[in-house]
Amino acid sequence: MTTFNLQRLLKGNRRALAKAITLVESTLDSHREQAQAILEHVLPHSGKSIRIGITGVPGVGKSTFIEAFGLYLIGQGKRVAVLAVDPSSPIAGGSILGDKTRMEDLSRMEEAFIRPTPASGALGGVAQKTRETMLLCEAAGYDVILVETVGVGQSEYQVSAMVDFFMVLMLPGGGDELQGIKKGIMELADALVINKADGPSETLATMTQRQYASAMSLLRHNSFWTPRVLTCSALTPTNIDTVWDMIVDYYFESLELEAFSSKRIQQNLDWMHQLLNEMLLMKLSRNVKVKALLPALEQAVQRQEITAFAAVRQLMEQF
C-alpha cells in the first residue's frame, strides 16, 4: 500500500480501510508483510476507541440490535465500525456474509463501516485477524467498535479477551435458557441485555430481568464492575440510550481506577502469546523433515504401534 493510501486510511477513507483489512486477512506472505508494515505505521493512531463485544443465542436479534445501537451512536456524533464474524462452512469454506443486508439503514450511513469477516476455521468462529482489523478501524477514526460473534462454542471467550466491554443479548422468558447458559459466559459478561422487550413480551422481559439479576449476583466476577441486567427493544427502539449510558459509566469508572489501560496491556500480551503459538505451529507444519515424517507417524499411531506422545516427540526432534 502506498504512502498516499496510508494517509487516506488515517483520514478515514472507507475504501482505503477496506483494502488494508483485505491485506490483513490475506494468507499470502507478500500481503502479510504489507499488512504488518501498515499496522506498524497506524499503531500510534490506534487505541482511542471503545471496543464492545456482542454475542447471544441465534434469534435474539443481534443484527437488529447492532443496527439500532449503531444508528443511536451516530446520532450522538460517533463514528461506528461493526466487525461481524460470520460462520464459515466447514465443507465448502464459504461464508454467509449477510450482515450488510441485515443492517441496511446502518450500512448507508457515512459514519458507519460494516465488515463481515469469515471465521475461516479460527477457534470458536472468531476471525484470527479481528484484533488487527480493530486497530485499523481505530486508526481510521472510528470511536466505537462493535464485534459481533456467531454465538457458538469458544467465540465468546475469544471476543471477551479483545474488547473493553462484553455484552450478552438474551431473549425474554429465559428460565430454560438461563439453565442452558454456560456459567463461564455469565462470568465473562459485563452486562446482560434482554432484547425484544416490547409488546406482549415487555412484562415477560421485566420478569426475566429479575431472574437474571438474581442469578448474576450469585456469580463471582473478577472485576471492579458489577454486571448489570437491562431490557431493551431494538425494534421500537427503546432503552438503547440506557445501554450506551451503562457502557459510558463502565468506561469512566475503569479509567478512574486505571483498570482500562491495564486490561488492554494484558490483552496485548495475551495476543502476543497467541500469535507466537500460531507462528510456531505454522513453521512446524511447513518444516520439510516434519512433513516427510508425519504420514508414517500418523499410520503408526492409527495402528497403535506408538503413542501419540512418542509421535509428537519424534516430530519435535526433527523440528
# chains A, B, ... in the order shown; residues from 1 in each chain; ligands from 1
call {"tool": "residues_around", "arguments": {"residues": "Ser254 in chain A", "least_positions_apart": "6", "cutoff": "9 Å", "atoms": "only C-alpha atoms", "output": "list in words"}}
result
Phe224, Trp225, Phe260 and Ser261 of chain A
call {"tool": "write_last_selection", "arguments": {"atoms": "C-alpha atoms", "output": "compact mmCIF listing (two decimals), in the first residue's frame"}}
result
# COMPACT_ATOMS: atom_id res chain seq x y z
CA PHE A 224 -14.26 -3.76 39.73
CA TRP A 225 -17.52 -3.68 37.79
CA PHE A 260 -8.99 0.32 31.38
CA SER A 261 -5.33 0.60 30.37
call {"tool": "residues_around", "arguments": {"residues": "Glu148 in chain A", "least_positions_apart": "3", "cutoff": "8 Å", "atoms": "only C-alpha atoms", "output": "PyMOL selection string"}}
result
chain A and resi 53-55+62+82-85
call {"tool": "residues_around", "arguments": {"residues": "Met109 in chain A", "least_positions_apart": "4", "cutoff": "10 Å", "atoms": "only C-alpha atoms", "output": "list in words"}}
result
Gly70, Leu71, Ile74, Arg79, Val80, Glu104, Asp105 and Phe113 of chain A
call {"tool": "write_last_selection", "arguments": {"atoms": "N, CA and C atoms", "output": "JSON list (two decimals), in the first residue's frame"}}
result
[["chain", "number", "residue", "atom", "x", "y", "z"],
["A", 70, "GLY", "N", -26.03, 1.23, 16.63],
["A", 70, "GLY", "CA", -25.12, 2.00, 15.78],
["A", 70, "GLY", "C", -25.74, 3.31, 15.33],
["A", 71, "LEU", "N", -27.00, 3.28, 14.93],
["A", 71, "LEU", "CA", -27.69, 4.50, 14.49],
["A", 71, "LEU", "C", -27.81, 5.50, 15.64],
["A", 74, "ILE", "N", -24.35, 7.10, 16.15],
["A", 74, "ILE", "CA", -24.10, 8.09, 15.10],
["A", 74, "ILE", "C", -24.87, 9.37, 15.40],
["A", 79, "ARG", "N", -18.53, 7.82, 15.29],
["A", 79, "ARG", "CA", -18.32, 7.00, 14.09],
["A", 79, "ARG", "C", -18.21, 5.55, 14.55],
["A", 80, "VAL", "N", -18.93, 4.66, 13.87],
["A", 80, "VAL", "CA", -19.10, 3.29, 14.36],
["A", 80, "VAL", "C", -18.60, 2.27, 13.33],
["A", 104, "GLU", "N", -29.37, -2.65, 6.71],
["A", 104, "GLU", "CA", -29.48, -1.78, 5.53],
["A", 104, "GLU", "C", -29.34, -0.31, 5.88],
["A", 105, "ASP", "N", -30.05, 0.16, 6.90],
["A", 105, "ASP", "CA", -30.02, 1.58, 7.26],
["A", 105, "ASP", "C", -28.64, 2.00, 7.75],
["A", 113, "PHE", "N", -19.06, 1.82, 9.32],
["A", 113, "PHE", "CA", -18.27, 0.90, 8.49],
["A", 113, "PHE", "C", -18.60, -0.51, 8.96]]
call {"tool": "residues_around", "arguments": {"residues": "Ile38 in chain A", "least_positions_apart": "4", "cutoff": "8 Å", "atoms": "only C-alpha atoms", "output": "PyMOL selection string"}}
result
chain A and resi 1+6+20+34+42
call {"tool": "write_last_selection", "arguments": {"atoms": "N, CA and C atoms", "output": "compact mmCIF listing (two decimals), in the first residue's frame"}}
result
# COMPACT_ATOMS: atom_id res chain seq x y z
N MET A 1 0.85 -1.19 0.00
CA MET A 1 0.00 0.00 0.00
C MET A 1 0.89 1.24 0.00
N LEU A 6 -2.08 5.10 2.64
CA LEU A 6 -1.99 5.06 4.10
C LEU A 6 -2.54 6.35 4.70
N ALA A 20 -6.94 -2.24 3.31
CA ALA A 20 -5.98 -2.60 4.36
C ALA A 20 -6.43 -3.86 5.10
N GLN A 34 3.02 -6.66 3.81
CA GLN A 34 2.43 -5.32 3.60
C GLN A 34 1.52 -4.94 4.77
N VAL A 42 0.25 2.52 11.67
CA VAL A 42 -1.00 3.04 12.23
C VAL A 42 -1.09 2.85 13.75
call {"tool": "closest_residue", "arguments": {"among": "A:Ala213, A:Ala310, A:Leu284, A:Leu169", "to": "Ser233 in chain A", "atoms": "only C-alpha atoms"}}
result
A:Leu169
call {"tool": "atom_distance", "arguments": {"atom1": "CA of Ile145 in chain A", "atom2": "CA of Ile50 in chain A"}}
result
6.2 Å
call {"tool": "residues_around", "arguments": {"residues": "Leu136 in chain A", "least_positions_apart": "3", "cutoff": "9 Å", "atoms": "only C-alpha atoms", "output": "ChimeraX atom specification"}}
result
/A:9-10,17,20-21,38-39,42-43,45-46,131-133,139-141
call {"tool": "closest_residue", "arguments": {"among": "A:Asp190, A:Tyr250, A:Pro44, A:Lys11", "to": "Met216 in chain A", "atoms": "only C-alpha atoms"}}
result
A:Asp190
call {"tool": "atom_distance", "arguments": {"atom1": "CA of Leu192 in chain A", "atom2": "CA of Phe252 in chain A"}}
result
19.5 Å
call {"tool": "residues_around", "arguments": {"residues": "Cys232 in chain A", "least_positions_apart": "6", "cutoff": "6 Å", "atoms": "only C-alpha atoms", "output": "count of residues only"}}
result
4
call {"tool": "atom_distance", "arguments": {"atom1": "CA of Thr242 in chain A", "atom2": "CA of Leu135 in chain A"}}
result
27.3 Å
call {"tool": "select_by_dssp", "arguments": {"residues": "range 224-298 of chain A", "states": "alpha helix (DSSP H)", "output": "VMD selection string"}}
result
chain A and resid 240 to 256 259 to 286 288 to 298
call {"tool": "residues_around", "arguments": {"residues": "Tyr251 in chain A", "least_positions_apart": "3", "cutoff": "9 Å", "atoms": "only C-alpha atoms", "output": "PDB file with all heavy atoms, in the first residue's frame"}}
result
ATOM      1  N   ILE A  50     -13.748   2.774  21.973  1.00  0.00           N
ATOM      2  CA  ILE A  50     -14.314   1.833  22.940  1.00  0.00           C
ATOM      3  C   ILE A  50     -14.678   0.581  22.156  1.00  0.00           C
ATOM      4  O   ILE A  50     -15.417   0.642  21.168  1.00  0.00           O
ATOM      5  CB  ILE A  50     -15.563   2.408  23.637  1.00  0.00           C
ATOM      6  CG1 ILE A  50     -15.204   3.643  24.461  1.00  0.00           C
ATOM      7  CG2 ILE A  50     -16.200   1.361  24.544  1.00  0.00           C
ATOM      8  CD1 ILE A  50     -16.374   4.270  25.187  1.00  0.00           C
ATOM      9  N   ASP A 164     -13.248  -4.099  25.404  1.00  0.00           N
ATOM     10  CA  ASP A 164     -13.296  -3.425  26.699  1.00  0.00           C
ATOM     11  C   ASP A 164     -14.544  -3.810  27.482  1.00  0.00           C
ATOM     12  O   ASP A 164     -14.513  -3.918  28.706  1.00  0.00           O
ATOM     13  CB  ASP A 164     -13.280  -1.901  26.488  1.00  0.00           C
ATOM     14  CG  ASP A 164     -12.098  -1.452  25.658  1.00  0.00           C
ATOM     15  OD1 ASP A 164     -10.968  -1.875  25.970  1.00  0.00           O
ATOM     16  OD2 ASP A 164     -12.295  -0.705  24.679  1.00  0.00           O
ATOM     17  N   PHE A 165     -15.637  -4.010  26.747  1.00  0.00           N
ATOM     18  CA  PHE A 165     -16.929  -4.290  27.381  1.00  0.00           C
ATOM     19  C   PHE A 165     -17.593  -5.439  26.639  1.00  0.00           C
ATOM     20  O   PHE A 165     -17.692  -5.415  25.410  1.00  0.00           O
ATOM     21  CB  PHE A 165     -17.819  -3.041  27.333  1.00  0.00           C
ATOM     22  CG  PHE A 165     -19.050  -3.126  28.191  1.00  0.00           C
ATOM     23  CD1 PHE A 165     -19.028  -2.656  29.498  1.00  0.00           C
ATOM     24  CD2 PHE A 165     -20.232  -3.656  27.703  1.00  0.00           C
ATOM     25  CE1 PHE A 165     -20.157  -2.721  30.303  1.00  0.00           C
ATOM     26  CE2 PHE A 165     -21.365  -3.733  28.499  1.00  0.00           C
ATOM     27  CZ  PHE A 165     -21.323  -3.260  29.813  1.00  0.00           C
ATOM     28  N   MET A 246     -24.872   2.955  30.241  1.00  0.00           N
ATOM     29  CA  MET A 246     -24.221   1.955  31.092  1.00  0.00           C
ATOM     30  C   MET A 246     -22.765   1.746  30.665  1.00  0.00           C
ATOM     31  O   MET A 246     -21.856   1.674  31.506  1.00  0.00           O
ATOM     32  CB  MET A 246     -24.979   0.626  30.999  1.00  0.00           C
ATOM     33  CG  MET A 246     -24.259  -0.558  31.639  1.00  0.00           C
ATOM     34  SD  MET A 246     -25.098  -2.132  31.325  1.00  0.00           S
ATOM     35  CE  MET A 246     -25.026  -2.234  29.530  1.00  0.00           C
ATOM     36  N   ILE A 247     -22.534   1.675  29.360  1.00  0.00           N
ATOM     37  CA  ILE A 247     -21.167   1.467  28.856  1.00  0.00           C
ATOM     38  C   ILE A 247     -20.293   2.676  29.164  1.00  0.00           C
ATOM     39  O   ILE A 247     -19.115   2.533  29.514  1.00  0.00           O
ATOM     40  CB  ILE A 247     -21.197   1.167  27.347  1.00  0.00           C
ATOM     41  CG1 ILE A 247     -21.912  -0.166  27.098  1.00  0.00           C
ATOM     42  CG2 ILE A 247     -19.785   1.131  26.754  1.00  0.00           C
ATOM     43  CD1 ILE A 247     -22.201  -0.467  25.644  1.00  0.00           C
ATOM     44  N   VAL A 248     -20.868   3.867  29.066  1.00  0.00           N
ATOM     45  CA  VAL A 248     -20.128   5.095  29.409  1.00  0.00           C
ATOM     46  C   VAL A 248     -19.765   5.088  30.898  1.00  0.00           C
ATOM     47  O   VAL A 248     -18.648   5.473  31.276  1.00  0.00           O
ATOM     48  CB  VAL A 248     -20.952   6.348  29.044  1.00  0.00           C
ATOM     49  CG1 VAL A 248     -20.301   7.615  29.601  1.00  0.00           C
ATOM     50  CG2 VAL A 248     -21.104   6.463  27.532  1.00  0.00           C
ATOM     51  N   SER A 254     -13.733   2.648  34.880  1.00  0.00           N
ATOM     52  CA  SER A 254     -12.496   1.895  34.634  1.00  0.00           C
ATOM     53  C   SER A 254     -11.301   2.833  34.464  1.00  0.00           C
ATOM     54  O   SER A 254     -10.185   2.501  34.879  1.00  0.00           O
ATOM     55  CB  SER A 254     -12.649   0.992  33.405  1.00  0.00           C
ATOM     56  OG  SER A 254     -12.824   1.763  32.230  1.00  0.00           O
ATOM     57  N   LEU A 255     -11.529   4.001  33.857  1.00  0.00           N
ATOM     58  CA  LEU A 255     -10.451   4.986  33.725  1.00  0.00           C
ATOM     59  C   LEU A 255     -10.021   5.500  35.090  1.00  0.00           C
ATOM     60  O   LEU A 255      -8.823   5.641  35.373  1.00  0.00           O
ATOM     61  CB  LEU A 255     -10.906   6.170  32.860  1.00  0.00           C
ATOM     62  CG  LEU A 255     -10.974   5.968  31.348  1.00  0.00           C
ATOM     63  CD1 LEU A 255     -11.409   7.259  30.678  1.00  0.00           C
ATOM     64  CD2 LEU A 255      -9.623   5.537  30.788  1.00  0.00           C
ATOM     65  N   GLU A 256     -10.994   5.770  35.935  1.00  0.00           N
ATOM     66  CA  GLU A 256     -10.715   6.307  37.271  1.00  0.00           C
ATOM     67  C   GLU A 256      -9.887   5.324  38.101  1.00  0.00           C
ATOM     68  O   GLU A 256      -9.003   5.721  38.854  1.00  0.00           O
ATOM     69  CB  GLU A 256     -12.044   6.610  37.975  1.00  0.00           C
ATOM     70  CG  GLU A 256     -11.880   7.344  39.293  1.00  0.00           C
ATOM     71  CD  GLU A 256     -13.220   7.689  39.924  1.00  0.00           C
ATOM     72  OE1 GLU A 256     -14.235   7.761  39.187  1.00  0.00           O
ATOM     73  OE2 GLU A 256     -13.256   7.871  41.142  1.00  0.00           O
ATOM     74  N   PHE A 260      -8.824   0.320  32.836  1.00  0.00           N
ATOM     75  CA  PHE A 260      -8.993   0.318  31.381  1.00  0.00           C
ATOM     76  C   PHE A 260      -7.669   0.014  30.682  1.00  0.00           C
ATOM     77  O   PHE A 260      -7.574  -0.904  29.866  1.00  0.00           O
ATOM     78  CB  PHE A 260      -9.542   1.673  30.919  1.00  0.00           C
ATOM     79  CG  PHE A 260      -9.994   1.693  29.488  1.00  0.00           C
ATOM     80  CD1 PHE A 260     -11.273   1.291  29.135  1.00  0.00           C
ATOM     81  CD2 PHE A 260      -9.139   2.129  28.478  1.00  0.00           C
ATOM     82  CE1 PHE A 260     -11.702   1.315  27.816  1.00  0.00           C
ATOM     83  CE2 PHE A 260      -9.553   2.146  27.158  1.00  0.00           C
ATOM     84  CZ  PHE A 260     -10.837   1.746  26.826  1.00  0.00           C
TER      85      PHE A 260
END
